[in-house]
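Pasting start.txt here (compact mmCIF, C-alpha atoms and all ligand atoms):
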# COMPACT_ATOMS: atom_id res chain seq x y z
CA MET A 21 77.39 17.53 -20.42
CA LYS A 22 73.79 16.27 -20.28
CA LYS A 23 71.47 18.61 -18.37
CA ILE A 24 69.70 16.92 -15.46
CA THR A 25 65.94 16.95 -16.04
CA LYS A 26 64.89 13.74 -14.27
CA ALA A 27 64.39 12.97 -10.62
CA VAL A 28 63.52 9.77 -8.78
CA ILE A 29 61.72 9.74 -5.44
CA PRO A 30 61.81 6.34 -3.70
CA ALA A 31 58.66 6.09 -1.57
CA ALA A 32 58.14 2.33 -1.33
CA GLY A 33 59.64 1.66 2.10
CA LEU A 34 57.66 0.01 4.90
CA GLY A 35 58.05 2.99 7.23
CA THR A 36 58.39 0.82 10.32
CA ARG A 37 59.60 3.73 12.45
CA MET A 38 56.26 5.43 11.82
CA LEU A 39 54.04 2.51 12.79
CA PRO A 40 51.16 2.18 13.48
CA ILE A 41 50.16 5.14 11.23
CA ALA A 42 52.42 3.94 8.38
CA TYR A 43 50.36 0.73 8.19
CA ALA A 44 47.52 2.69 6.56
CA VAL A 45 49.05 6.05 5.55
CA PRO A 46 52.30 6.22 3.55
CA LYS A 47 54.83 8.18 5.62
CA GLU A 48 55.56 10.23 2.48
CA MET A 49 51.91 11.40 2.67
CA LEU A 50 52.10 12.55 6.28
CA PRO A 51 51.17 16.23 6.42
CA ILE A 52 53.42 19.15 7.15
CA VAL A 53 50.53 21.45 8.19
CA ASP A 54 48.39 21.09 5.04
CA LEU A 55 50.68 19.55 2.41
CA PRO A 56 52.08 16.02 2.33
CA ALA A 57 55.83 15.59 2.78
CA ILE A 58 56.25 14.34 -0.78
CA TYR A 59 54.80 17.58 -2.19
CA TYR A 60 57.89 19.42 -0.90
CA LEU A 61 60.20 16.96 -2.65
CA VAL A 62 58.47 17.41 -6.01
CA GLU A 63 58.50 21.20 -5.46
CA GLU A 64 62.25 21.12 -4.71
CA ALA A 65 62.91 19.08 -7.85
CA VAL A 66 60.82 21.41 -10.03
CA ASN A 67 62.48 24.51 -8.54
CA SER A 68 65.83 22.92 -9.45
CA GLY A 69 64.88 22.62 -13.13
CA ILE A 70 63.59 19.02 -13.14
CA THR A 71 60.77 18.35 -15.62
CA ASP A 72 60.15 14.62 -15.05
CA VAL A 73 59.74 12.95 -11.68
CA LEU A 74 59.41 9.21 -11.10
CA ILE A 75 57.89 8.24 -7.76
CA ILE A 76 58.59 4.65 -6.69
CA THR A 77 55.60 3.32 -4.75
CA ASN A 78 54.17 -0.04 -3.77
CA ARG A 79 50.90 -1.59 -2.63
CA GLY A 80 48.91 0.62 -0.29
CA LYS A 81 50.51 3.88 -1.48
CA GLU A 82 47.84 4.81 -4.03
CA SER A 83 47.10 8.02 -2.11
CA ILE A 84 50.40 9.42 -3.48
CA GLU A 85 49.13 8.98 -7.05
CA ASP A 86 45.74 10.43 -6.12
CA PHE A 87 47.36 13.52 -4.63
CA PHE A 88 49.17 14.37 -7.88
CA ASP A 89 46.10 13.64 -10.03
CA ILE A 90 43.14 15.83 -10.95
CA SER A 91 39.70 14.69 -9.80
CA PRO A 92 37.22 16.49 -12.11
CA GLU A 93 34.31 15.74 -9.71
CA TYR A 94 36.15 17.21 -6.73
CA ILE A 95 37.30 20.29 -8.67
CA SER A 96 33.71 20.88 -9.96
CA ALA A 97 32.34 20.50 -6.43
CA LEU A 98 34.86 23.07 -5.11
CA THR A 99 34.05 25.43 -8.00
CA ARG A 100 30.28 25.15 -7.32
CA LYS A 101 30.97 26.12 -3.71
CA GLY A 102 32.89 29.19 -4.90
CA LYS A 103 36.22 27.80 -3.67
CA ILE A 104 38.01 28.88 -6.86
CA THR A 105 41.43 29.50 -5.26
CA GLU A 106 41.44 26.04 -3.65
CA ALA A 107 40.36 24.41 -6.95
CA LYS A 108 43.18 26.16 -8.82
CA ARG A 109 45.73 25.22 -6.14
CA ILE A 110 44.87 21.53 -6.41
CA SER A 111 44.94 21.57 -10.23
CA ASP A 112 48.29 23.42 -10.21
CA ILE A 113 49.86 20.71 -8.00
CA ALA A 114 48.98 18.06 -10.60
CA LYS A 115 50.64 20.17 -13.29
CA MET A 116 53.91 20.90 -11.44
CA ALA A 117 55.86 18.34 -13.52
CA ASN A 118 55.41 15.19 -15.55
CA ILE A 119 54.92 12.83 -12.65
CA HIS A 120 55.37 9.11 -13.33
CA PHE A 121 54.84 6.14 -11.04
CA ILE A 122 56.24 2.63 -10.85
CA ARG A 123 55.85 -0.04 -8.17
CA GLN A 124 58.74 -1.70 -6.37
CA LYS A 125 57.48 -5.25 -5.98
CA GLU A 126 59.40 -5.95 -2.75
CA ALA A 127 60.63 -3.35 -0.25
CA ASN A 128 64.17 -4.77 -0.34
CA GLY A 129 66.10 -1.54 0.09
CA LEU A 130 66.84 1.83 -1.45
CA ALA A 131 69.04 0.30 -4.17
CA GLY A 132 66.12 -1.97 -5.12
CA ALA A 133 63.92 1.11 -5.41
CA VAL A 134 66.41 3.03 -7.58
CA LYS A 135 66.82 -0.04 -9.83
CA CYS A 136 63.13 0.35 -10.76
CA ALA A 137 64.07 3.71 -12.36
CA GLU A 138 66.51 2.33 -14.94
CA ALA A 139 64.18 2.52 -17.95
CA PHE A 140 62.89 5.94 -16.85
CA VAL A 141 66.35 7.55 -16.61
CA SER A 142 67.30 5.97 -19.92
CA GLY A 143 71.06 6.54 -19.75
CA GLU A 144 70.89 10.08 -18.31
CA PRO A 145 72.20 11.46 -15.00
CA PHE A 146 69.38 11.91 -12.48
CA ALA A 147 68.62 13.24 -9.02
CA VAL A 148 67.41 11.02 -6.19
CA LEU A 149 65.37 12.60 -3.39
CA TYR A 150 64.80 10.16 -0.52
CA GLY A 151 61.03 10.17 -0.05
CA ASP A 152 60.91 10.91 3.67
CA ASP A 153 63.64 13.59 3.81
CA VAL A 154 62.18 17.08 3.51
CA ILE A 155 64.73 19.88 3.31
CA PHE A 156 63.86 23.58 3.44
CA SER A 157 66.60 25.79 1.99
CA LYS A 158 67.22 29.09 0.21
CA THR A 159 68.54 27.37 -2.93
CA PRO A 160 66.83 24.01 -3.50
CA VAL A 161 69.23 21.28 -2.36
CA CYS A 162 68.89 19.43 -5.67
CA ARG A 163 70.06 22.59 -7.42
CA GLN A 164 73.03 22.90 -5.04
CA LEU A 165 74.06 19.35 -5.98
CA MET A 166 73.47 19.90 -9.71
CA LYS A 167 75.96 22.79 -9.63
CA ALA A 168 78.63 20.39 -8.35
CA TYR A 169 77.69 17.87 -11.04
CA GLU A 170 78.02 20.57 -13.72
CA ARG A 171 81.43 21.56 -12.33
CA TYR A 172 83.04 18.17 -11.63
CA GLY A 173 81.04 15.84 -13.93
CA LYS A 174 80.73 13.10 -11.30
CA ALA A 175 77.92 11.67 -9.21
CA VAL A 176 77.23 13.92 -6.20
CA ALA A 177 76.21 13.20 -2.61
CA GLY A 178 74.43 15.79 -0.46
CA VAL A 179 76.05 15.55 2.96
CA LYS A 180 75.97 17.01 6.47
CA ARG A 181 78.27 16.64 9.43
CA VAL A 182 76.77 14.16 11.88
CA PRO A 183 77.91 13.66 15.49
CA ARG A 184 80.23 10.60 15.63
CA GLU A 185 77.86 8.66 17.90
CA ASP A 186 75.02 9.05 15.37
CA LEU A 187 76.97 7.89 12.29
CA LYS A 188 75.92 4.28 12.90
CA LYS A 189 72.38 5.29 11.81
CA TYR A 190 73.65 6.84 8.56
CA CYS A 191 76.75 6.31 6.44
CA SER A 192 80.27 7.72 6.51
CA LEU A 193 82.28 9.09 3.57
CA LYS A 194 86.00 8.93 2.83
CA VAL A 195 86.81 12.39 1.50
CA GLU A 196 89.49 14.87 0.44
CA PRO A 197 88.69 18.60 0.32
CA LEU A 198 88.14 20.17 -3.13
CA GLY A 199 86.94 23.60 -2.05
CA ASP A 200 84.69 25.36 0.41
CA GLU A 201 82.39 22.62 1.75
CA ILE A 202 83.01 20.49 -1.37
CA PHE A 203 84.90 17.19 -1.23
CA SER A 204 85.97 14.40 -3.53
CA VAL A 205 84.74 11.01 -2.33
CA SER A 206 86.79 7.83 -2.75
CA ASP A 207 84.76 5.41 -0.59
CA MET A 208 81.85 5.18 1.85
CA ILE A 209 80.31 2.77 4.31
CA GLU A 210 76.66 2.24 5.32
CA LYS A 211 75.81 2.12 9.02
CA PRO A 212 79.46 1.93 10.20
CA ARG A 213 80.26 0.15 13.45
CA GLU A 214 82.59 1.84 15.97
CA ASN A 215 86.01 2.55 14.39
CA GLU A 216 84.73 1.81 10.87
CA GLU A 217 83.86 5.48 10.21
CA PHE A 218 85.82 7.36 7.53
CA SER A 219 84.66 10.87 8.52
CA ASP A 220 81.72 12.63 10.16
CA LEU A 221 80.22 13.39 6.72
CA ALA A 222 77.05 11.39 6.01
CA ILE A 223 74.66 11.42 3.05
CA LEU A 224 71.34 12.93 4.03
CA GLY A 225 68.52 12.51 1.56
CA ARG A 226 69.84 13.78 -1.78
CA VAL A 227 72.19 12.45 -4.46
CA ILE A 228 72.84 12.97 -8.15
CA LEU A 229 73.62 9.67 -9.83
CA THR A 230 75.12 8.79 -13.18
CA PRO A 231 73.62 5.87 -15.15
CA ASP A 232 76.67 3.70 -14.45
CA ILE A 233 75.19 3.21 -10.95
CA PHE A 234 72.88 0.51 -12.36
CA GLU A 235 75.65 -1.95 -13.22
CA ARG A 236 76.85 -1.59 -9.62
CA ILE A 237 73.33 -2.01 -8.23
CA ASN A 238 72.98 -5.21 -10.29
CA LYS A 239 76.10 -6.67 -8.64
CA LEU A 240 74.98 -5.91 -5.07
CA GLU A 241 74.55 -8.49 -2.36
CA ARG A 242 72.22 -7.76 0.55
CA GLY A 243 73.98 -5.42 2.99
CA ALA A 244 73.12 -3.71 6.30
CA GLY A 245 69.66 -4.73 7.55
CA GLY A 246 69.44 -7.47 4.89
CA GLU A 247 68.57 -4.80 2.29
CA TYR A 248 70.14 -3.82 -1.03
CA GLN A 249 71.89 -0.64 0.08
CA LEU A 250 72.27 2.26 -2.34
CA THR A 251 75.32 3.30 -0.30
CA ASP A 252 77.05 0.02 -1.25
CA ALA A 253 76.48 0.73 -4.97
CA MET A 254 77.66 4.35 -4.52
CA ALA A 255 80.73 3.11 -2.62
CA ALA A 256 81.65 0.96 -5.64
CA LEU A 257 81.09 3.96 -7.93
CA ALA A 258 83.19 6.21 -5.66
CA ARG A 259 86.04 3.65 -5.59
CA ASP A 260 85.99 3.19 -9.41
CA LYS A 261 85.30 6.71 -10.66
CA GLY A 262 85.12 9.04 -7.66
CA MET A 263 82.16 11.08 -6.51
CA THR A 264 81.71 14.62 -5.22
CA ALA A 265 80.21 15.52 -1.84
CA VAL A 266 78.55 18.86 -1.12
CA VAL A 267 77.72 20.04 2.38
CA PHE A 268 74.33 21.48 1.50
CA GLU A 269 72.62 24.49 3.03
CA GLY A 270 69.18 23.68 4.43
CA GLU A 271 67.11 22.45 7.35
CA ARG A 272 66.40 18.73 7.03
CA TYR A 273 63.44 16.96 8.60
CA ASP A 274 63.20 13.17 8.68
CA LEU A 275 59.50 12.47 8.15
CA GLY A 276 60.30 8.78 8.63
CA SER A 277 60.72 9.46 12.37
CA LYS A 278 58.16 10.66 14.89
CA LEU A 279 60.41 13.47 16.16
CA GLY A 280 61.23 14.68 12.65
CA PHE A 281 57.54 14.74 11.76
CA LEU A 282 56.69 16.79 14.86
CA LYS A 283 59.58 19.25 14.36
CA ALA A 284 58.68 19.83 10.70
CA ASN A 285 55.10 20.63 11.62
CA VAL A 286 55.97 23.03 14.43
CA CYS A 287 58.51 24.91 12.29
CA ARG A 288 56.24 25.19 9.24
CA ALA A 289 53.17 26.10 11.30
CA LEU A 290 55.11 29.09 12.66
CA GLN A 291 55.52 30.32 9.05
CA HIS A 292 52.06 29.40 7.73
CA GLU A 293 50.04 32.56 6.93
CA GLU A 294 46.73 31.08 8.06
CA VAL A 295 47.76 29.75 11.47
CA LYS A 296 51.11 31.29 12.46
CA GLU A 297 49.79 34.00 14.85
CA ASP A 298 47.44 31.73 16.77
CA PHE A 299 49.95 28.90 16.79
CA ARG A 300 52.69 31.15 18.21
CA GLU A 301 50.34 32.23 21.03
CA PHE A 302 49.45 28.60 21.67
CA LEU A 303 53.13 27.61 21.86
CA LYS A 304 53.96 30.50 24.20
CA LYS A 305 51.21 29.47 26.63
CA LEU A 306 52.25 25.84 26.35
CA SER A 307 55.91 26.62 27.03
CA ASP A 308 54.94 28.23 30.37
CA LYS A 309 53.72 24.83 31.47
CA LEU A 310 56.80 22.89 30.29
P1 LIG A 401 64.18 4.49 4.75
O1 LIG A 401 65.17 3.45 5.08
O2 LIG A 401 64.09 5.71 5.60
O3 LIG A 401 62.71 3.87 4.66
O4 LIG A 401 64.37 4.87 3.22
P2 LIG A 401 62.02 2.65 5.37
O5 LIG A 401 62.68 1.37 5.05
O6 LIG A 401 60.58 2.79 4.99
O7 LIG A 401 62.23 3.03 6.91
P3 LIG A 401 61.93 2.27 8.27
O8 LIG A 401 63.30 2.05 8.83
O9 LIG A 401 61.16 1.01 7.98
O10 LIG A 401 61.14 3.23 9.10
C1 LIG A 401 64.39 6.19 2.68
C2 LIG A 401 63.38 6.31 1.54
O11 LIG A 401 63.51 5.22 0.64
C3 LIG A 401 62.27 4.58 0.42
C4 LIG A 401 61.42 4.92 1.65
O12 LIG A 401 60.03 4.93 1.30
C5 LIG A 401 61.93 6.28 2.07
O13 LIG A 401 61.19 7.31 1.47
N1 LIG A 401 62.47 3.12 0.25
C6 LIG A 401 63.11 2.40 1.20
C7 LIG A 401 61.99 2.51 -0.90
O14 LIG A 401 61.42 3.18 -1.79
N2 LIG A 401 62.13 1.16 -1.03
C8 LIG A 401 62.75 0.39 -0.10
O15 LIG A 401 62.85 -0.84 -0.29
C9 LIG A 401 63.25 1.03 1.06

Kindly return the structure encoded in the file as structure tokens.
Ligand code: UTP
Amino acid sequence: MKKITKAVIPAAGLGTRMLPIAYAVPKEMLPIVDLPAIYYLVEEAVNSGITDVLIITNRGKESIEDFFDISPEYISALTRKGKITEAKRISDIAKMANIHFIRQKEANGLAGAVKCAEAFVSGEPFAVLYGDDVIFSKTPVCRQLMKAYERYGKAVAGVKRVPREDLKKYCSLKVEPLGDEIFSVSDMIEKPRENEEFSDLAILGRVILTPDIFERINKLERGAGGEYQLTDAMAALARDKGMTAVVFEGERYDLGSKLGFLKANVCRALQHEEVKEDFREFLKKLSDKL
């Protein structure tokens, strides 16, 4: 079985839930304390054994490329000021993996974004990390999914149980149990209406796909929201060949939503060496007033 060494991070969406800021700042570049959300996705991929990452961007998202690049002038300026640790930190980020970029010409949906990766994945299985879903976990979530791929040899969906009333915002999977928190998937539906749900298991931010997804993406018609839905292509794959679903361990933050952005920052700030003590005190005083 081919080892998974490639990951794709779609980051070309409009980010309408994060307007007005998303008009000028890509939501994937919103900070969690002092690192942009997308840094954590690349870190998760690298810690899972990925060597090559393709980030799908579009117009106005050049700051993502700049963040993973080395600016010799900036590094020299830091070095002259004696900020050697900071200079090394920035250079190390650029060297985390081979990071590639491609532009999605029209933000027409997640399937449209993944289609841009066809030449990059070049017939190999690959991981997809949705660009605004940051997940903090003991074992990187990508790695958790790769284990299921290695065991069952099928495309894998990272899932969580979602309250029934919230499923309409996500998708719903038709499953049969395979083992402890592992399921075989025979169908799925994007943004189900009432009574269309298969189960309370929804895909949240991570999948491992096999290259046969592209022929199904190519046959897609526009689905929910008028977009080309990756879920529709995965549903076709699940119906034809089956998929595996893994209930992953980890805390997920949706940086595409205002609440998710705020929660991620509060939780990480409480663990950040530089600010955690002062921030805890601040929160305690604030909570007295709530
Ligand atoms: P979302 O559906 O959360 O992104 O897609 P969105 O369309 O930007 O969201 P809203 O509803 O307008 O706020 C999950 C990930 O897929 C990327 C997004 O950038 C996000 O990281 N995406 C989405 C693309 O790369 N291309 C697309 O056409 C759509």

Worksheet item: In terms of the shortest atom-to-atom distance over all atoms listed in the file, which of A:Leu221, A:Cys162, A:Leu61, A:Ala256 is closest to Tyr190 in chain A?
Response: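 Going through A:Leu221, A:Cys162, A:Leu61, A:Ala256 one by one, the smallest distance to Tyr190 in chain A is for A:Leu221.
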
Could you make a table, as JSON lines, of the residues of range 55-101 of chain A that have an atom within 12 Å of an atom of range 278-296 of chain A, each with its nearest atom pair and distance in Å to one decimal, counting only C-alpha atoms, in chain and number order?
{"residue": "A:Leu55", "atom": "CA", "partner": "A:Asn285", "partner_atom": "CA", "distance": 10.3}
{"residue": "A:Pro56", "atom": "CA", "partner": "A:Asn285", "partner_atom": "CA", "distance": 10.8}
{"residue": "A:Ala57", "atom": "CA", "partner": "A:Phe281", "partner_atom": "CA", "distance": 9.2}
{"residue": "A:Tyr60", "atom": "CA", "partner": "A:Ala284", "partner_atom": "CA", "distance": 11.6}

Counting only C-alpha atoms, what is within 9 Å of range 208-210 of chain A, bar same-chain residues fewer than 2 positions away, as an mmCIF file with C-alpha atoms, keeping the file's coordinate frame?
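Saved file result38.cif follows:
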data_model
loop_
_atom_site.group_PDB
_atom_site.id
_atom_site.type_symbol
_atom_site.label_atom_id
_atom_site.label_comp_id
_atom_site.auth_asym_id
_atom_site.auth_seq_id
_atom_site.Cartn_x
_atom_site.Cartn_y
_atom_site.Cartn_z
ATOM 1 C CA LEU A 187 76.970 7.890 12.290
ATOM 2 C CA LYS A 188 75.920 4.280 12.900
ATOM 3 C CA LYS A 189 72.380 5.290 11.810
ATOM 4 C CA TYR A 190 73.650 6.840 8.560
ATOM 5 C CA CYS A 191 76.750 6.310 6.440
ATOM 6 C CA SER A 192 80.270 7.720 6.510
ATOM 7 C CA LEU A 193 82.280 9.090 3.570
ATOM 8 C CA LYS A 194 86.000 8.930 2.830
ATOM 9 C CA VAL A 195 86.810 12.390 1.500
ATOM 10 C CA VAL A 205 84.740 11.010 -2.330
ATOM 11 C CA SER A 206 86.790 7.830 -2.750
ATOM 12 C CA PRO A 212 79.460 1.930 10.200
ATOM 13 C CA GLU A 216 84.730 1.810 10.870
ATOM 14 C CA GLU A 217 83.860 5.480 10.210
ATOM 15 C CA PHE A 218 85.820 7.360 7.530
ATOM 16 C CA ALA A 222 77.050 11.390 6.010
ATOM 17 C CA GLY A 243 73.980 -5.420 2.990
ATOM 18 C CA ALA A 244 73.120 -3.710 6.300
ATOM 19 C CA GLN A 249 71.890 -0.640 0.080
ATOM 20 C CA LEU A 250 72.270 2.260 -2.340
ATOM 21 C CA THR A 251 75.320 3.300 -0.300
ATOM 22 C CA ASP A 252 77.050 0.020 -1.250
ATOM 23 C CA MET A 254 77.660 4.350 -4.520
ATOM 24 C CA ALA A 255 80.730 3.110 -2.620
ATOM 25 C CA ALA A 256 81.650 0.960 -5.640
ATOM 26 C CA ALA A 258 83.190 6.210 -5.660
ATOM 27 C CA ARG A 259 86.040 3.650 -5.590
#

Practice prompt. Work out how far CA of Ala65 in chain A is from CA of Ala27 in chain A, in Å to one decimal.
Written response: 6.9 Å

Worksheet item: For the point (79.4, -2.3, -13.9) in file coordinates, what residues are within 12 Å, counting all atoms listed in the file? Give the answer as a ChimeraX atom specification?
Response: /A:230-240,253-254,256-257,260-261

Preceding selection exported with C-alpha atoms as a PDB file, keeping the file's coordinate frame:
ATOM      1  CA  THR A 230      75.120   8.790 -13.180  1.00  0.00           C
ATOM      2  CA  PRO A 231      73.620   5.870 -15.150  1.00  0.00           C
ATOM      3  CA  ASP A 232      76.670   3.700 -14.450  1.00  0.00           C
ATOM      4  CA  ILE A 233      75.190   3.210 -10.950  1.00  0.00           C
ATOM      5  CA  PHE A 234      72.880   0.510 -12.360  1.00  0.00           C
ATOM      6  CA  GLU A 235      75.650  -1.950 -13.220  1.00  0.00           C
ATOM      7  CA  ARG A 236      76.850  -1.590  -9.620  1.00  0.00           C
ATOM      8  CA  ILE A 237      73.330  -2.010  -8.230  1.00  0.00           C
ATOM      9  CA  ASN A 238      72.980  -5.210 -10.290  1.00  0.00           C
ATOM     10  CA  LYS A 239      76.100  -6.670  -8.640  1.00  0.00           C
ATOM     11  CA  LEU A 240      74.980  -5.910  -5.070  1.00  0.00           C
ATOM     12  CA  ALA A 253      76.480   0.730  -4.970  1.00  0.00           C
ATOM     13  CA  MET A 254      77.660   4.350  -4.520  1.00  0.00           C
ATOM     14  CA  ALA A 256      81.650   0.960  -5.640  1.00  0.00           C
ATOM     15  CA  LEU A 257      81.090   3.960  -7.930  1.00  0.00           C
ATOM     16  CA  ASP A 260      85.990   3.190  -9.410  1.00  0.00           C
ATOM     17  CA  LYS A 261      85.300   6.710 -10.660  1.00  0.00           C
TER      18      LYS A 261
END

Worksheet item: If we count only C-alpha atoms, what is near range 176-178 of chain A at a cut-off of 10 Å, once residues fewer than 3 positions away on the same chain are taken out, given as a ChimeraX atom specification?
Response: /A:147-148,161-162,164-169,172-173,193,202-205,221-230,254,258,262-269

Discussion item. What's the separation between CA of Asp207 in chain A and CA of Lys174 in chain A, in Å to one decimal place?
Written reply: 13.8 Å

Practice prompt. May I have the residues within 8 Å of Ala133 in chain A as a ChimeraX atom specification, using only C-alpha atoms and disregarding those fewer than 4 positions away in the same chain?
Written response: /A:30,32,76,124,127-129,137

Please report, as a tab-separated table, each residue of chain A lying at most 10 Å from ligand LIG 401 (chain A), together with the nearest pair of atoms and the separation in Å rounded to one decimal; use only C-alpha atoms and all ligand atoms, and order rows by chain and ascending residue number.
residue	atom	partner	partner_atom	distance
A:Val28	CA	A:LIG401	O14	9.8
A:Ile29	CA	A:LIG401	O13	7.3
A:Pro30	CA	A:LIG401	O14	3.7
A:Ala31	CA	A:LIG401	O12	3.4
A:Ala32	CA	A:LIG401	O14	3.4
A:Gly33	CA	A:LIG401	O6	3.2
A:Leu34	CA	A:LIG401	O6	4.0
A:Gly35	CA	A:LIG401	O6	3.4
A:Thr36	CA	A:LIG401	O9	3.6
A:Arg37	CA	A:LIG401	O10	3.7
A:Met38	CA	A:LIG401	O10	6.0
A:Leu39	CA	A:LIG401	O10	8.0
A:Ala42	CA	A:LIG401	O10	8.8
A:Pro46	CA	A:LIG401	O12	8.2
A:Lys47	CA	A:LIG401	O12	7.5
A:Glu48	CA	A:LIG401	O13	6.4
A:Ala57	CA	A:LIG401	O13	10.0
A:Ile58	CA	A:LIG401	O13	8.9
A:Ile75	CA	A:LIG401	O14	8.6
A:Ile76	CA	A:LIG401	O14	5.8
A:Thr77	CA	A:LIG401	O14	6.5
A:Asn78	CA	A:LIG401	O14	8.2
A:Lys81	CA	A:LIG401	O12	10.0
A:Arg123	CA	A:LIG401	O14	9.1
A:Gln124	CA	A:LIG401	N2	6.9
A:Lys125	CA	A:LIG401	O15	9.0
A:Glu126	CA	A:LIG401	O15	6.6
A:Ala127	CA	A:LIG401	O15	3.4
A:Asn128	CA	A:LIG401	O15	4.1
A:Gly129	CA	A:LIG401	O15	3.3
A:Leu130	CA	A:LIG401	C9	4.5
A:Ala131	CA	A:LIG401	O15	7.4
A:Gly132	CA	A:LIG401	O15	5.9
A:Ala133	CA	A:LIG401	N2	4.7
A:Val134	CA	A:LIG401	O14	7.6
A:Cys136	CA	A:LIG401	O14	9.6
A:Val148	CA	A:LIG401	O11	9.8
A:Leu149	CA	A:LIG401	C2	8.2
A:Tyr150	CA	A:LIG401	C2	4.6
A:Gly151	CA	A:LIG401	O13	3.2
A:Asp152	CA	A:LIG401	O13	4.2
A:Asp153	CA	A:LIG401	O13	7.1
A:Tyr190	CA	A:LIG401	O1	9.8
A:Leu224	CA	A:LIG401	C1	9.8
A:Gly225	CA	A:LIG401	C1	7.6
A:Gly245	CA	A:LIG401	O8	9.4
A:Glu247	CA	A:LIG401	O15	7.4
A:Tyr248	CA	A:LIG401	O15	7.9
A:Gln249	CA	A:LIG401	C9	8.9
A:Leu250	CA	A:LIG401	O11	9.7
A:Asp274	CA	A:LIG401	O2	8.1
A:Leu275	CA	A:LIG401	O2	8.6
A:Gly276	CA	A:LIG401	O10	5.6
A:Ser277	CA	A:LIG401	O10	7.0
A:Lys278	CA	A:LIG401	O10	9.9

Go ahead and save the picked residues with C-alpha atoms, as a PDB file, in the coordinates of the input.
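Result file is selection.pdb:
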ATOM      1  CA  VAL A  28      63.520   9.770  -8.780  1.00  0.00           C
ATOM      2  CA  ILE A  29      61.720   9.740  -5.440  1.00  0.00           C
ATOM      3  CA  PRO A  30      61.810   6.340  -3.700  1.00  0.00           C
ATOM      4  CA  ALA A  31      58.660   6.090  -1.570  1.00  0.00           C
ATOM      5  CA  ALA A  32      58.140   2.330  -1.330  1.00  0.00           C
ATOM      6  CA  GLY A  33      59.640   1.660   2.100  1.00  0.00           C
ATOM      7  CA  LEU A  34      57.660   0.010   4.900  1.00  0.00           C
ATOM      8  CA  GLY A  35      58.050   2.990   7.230  1.00  0.00           C
ATOM      9  CA  THR A  36      58.390   0.820  10.320  1.00  0.00           C
ATOM     10  CA  ARG A  37      59.600   3.730  12.450  1.00  0.00           C
ATOM     11  CA  MET A  38      56.260   5.430  11.820  1.00  0.00           C
ATOM     12  CA  LEU A  39      54.040   2.510  12.790  1.00  0.00           C
ATOM     13  CA  ALA A  42      52.420   3.940   8.380  1.00  0.00           C
ATOM     14  CA  PRO A  46      52.300   6.220   3.550  1.00  0.00           C
ATOM     15  CA  LYS A  47      54.830   8.180   5.620  1.00  0.00           C
ATOM     16  CA  GLU A  48      55.560  10.230   2.480  1.00  0.00           C
ATOM     17  CA  ALA A  57      55.830  15.590   2.780  1.00  0.00           C
ATOM     18  CA  ILE A  58      56.250  14.340  -0.780  1.00  0.00           C
ATOM     19  CA  ILE A  75      57.890   8.240  -7.760  1.00  0.00           C
ATOM     20  CA  ILE A  76      58.590   4.650  -6.690  1.00  0.00           C
ATOM     21  CA  THR A  77      55.600   3.320  -4.750  1.00  0.00           C
ATOM     22  CA  ASN A  78      54.170  -0.040  -3.770  1.00  0.00           C
ATOM     23  CA  LYS A  81      50.510   3.880  -1.480  1.00  0.00           C
ATOM     24  CA  ARG A 123      55.850  -0.040  -8.170  1.00  0.00           C
ATOM     25  CA  GLN A 124      58.740  -1.700  -6.370  1.00  0.00           C
ATOM     26  CA  LYS A 125      57.480  -5.250  -5.980  1.00  0.00           C
ATOM     27  CA  GLU A 126      59.400  -5.950  -2.750  1.00  0.00           C
ATOM     28  CA  ALA A 127      60.630  -3.350  -0.250  1.00  0.00           C
ATOM     29  CA  ASN A 128      64.170  -4.770  -0.340  1.00  0.00           C
ATOM     30  CA  GLY A 129      66.100  -1.540   0.090  1.00  0.00           C
ATOM     31  CA  LEU A 130      66.840   1.830  -1.450  1.00  0.00           C
ATOM     32  CA  ALA A 131      69.040   0.300  -4.170  1.00  0.00           C
ATOM     33  CA  GLY A 132      66.120  -1.970  -5.120  1.00  0.00           C
ATOM     34  CA  ALA A 133      63.920   1.110  -5.410  1.00  0.00           C
ATOM     35  CA  VAL A 134      66.410   3.030  -7.580  1.00  0.00           C
ATOM     36  CA  CYS A 136      63.130   0.350 -10.760  1.00  0.00           C
ATOM     37  CA  VAL A 148      67.410  11.020  -6.190  1.00  0.00           C
ATOM     38  CA  LEU A 149      65.370  12.600  -3.390  1.00  0.00           C
ATOM     39  CA  TYR A 150      64.800  10.160  -0.520  1.00  0.00           C
ATOM     40  CA  GLY A 151      61.030  10.170  -0.050  1.00  0.00           C
ATOM     41  CA  ASP A 152      60.910  10.910   3.670  1.00  0.00           C
ATOM     42  CA  ASP A 153      63.640  13.590   3.810  1.00  0.00           C
ATOM     43  CA  TYR A 190      73.650   6.840   8.560  1.00  0.00           C
ATOM     44  CA  LEU A 224      71.340  12.930   4.030  1.00  0.00           C
ATOM     45  CA  GLY A 225      68.520  12.510   1.560  1.00  0.00           C
ATOM     46  CA  GLY A 245      69.660  -4.730   7.550  1.00  0.00           C
ATOM     47  CA  GLU A 247      68.570  -4.800   2.290  1.00  0.00           C
ATOM     48  CA  TYR A 248      70.140  -3.820  -1.030  1.00  0.00           C
ATOM     49  CA  GLN A 249      71.890  -0.640   0.080  1.00  0.00           C
ATOM     50  CA  LEU A 250      72.270   2.260  -2.340  1.00  0.00           C
ATOM     51  CA  ASP A 274      63.200  13.170   8.680  1.00  0.00           C
ATOM     52  CA  LEU A 275      59.500  12.470   8.150  1.00  0.00           C
ATOM     53  CA  GLY A 276      60.300   8.780   8.630  1.00  0.00           C
ATOM     54  CA  SER A 277      60.720   9.460  12.370  1.00  0.00           C
ATOM     55  CA  LYS A 278      58.160  10.660  14.890  1.00  0.00           C
TER      56      LYS A 278
END
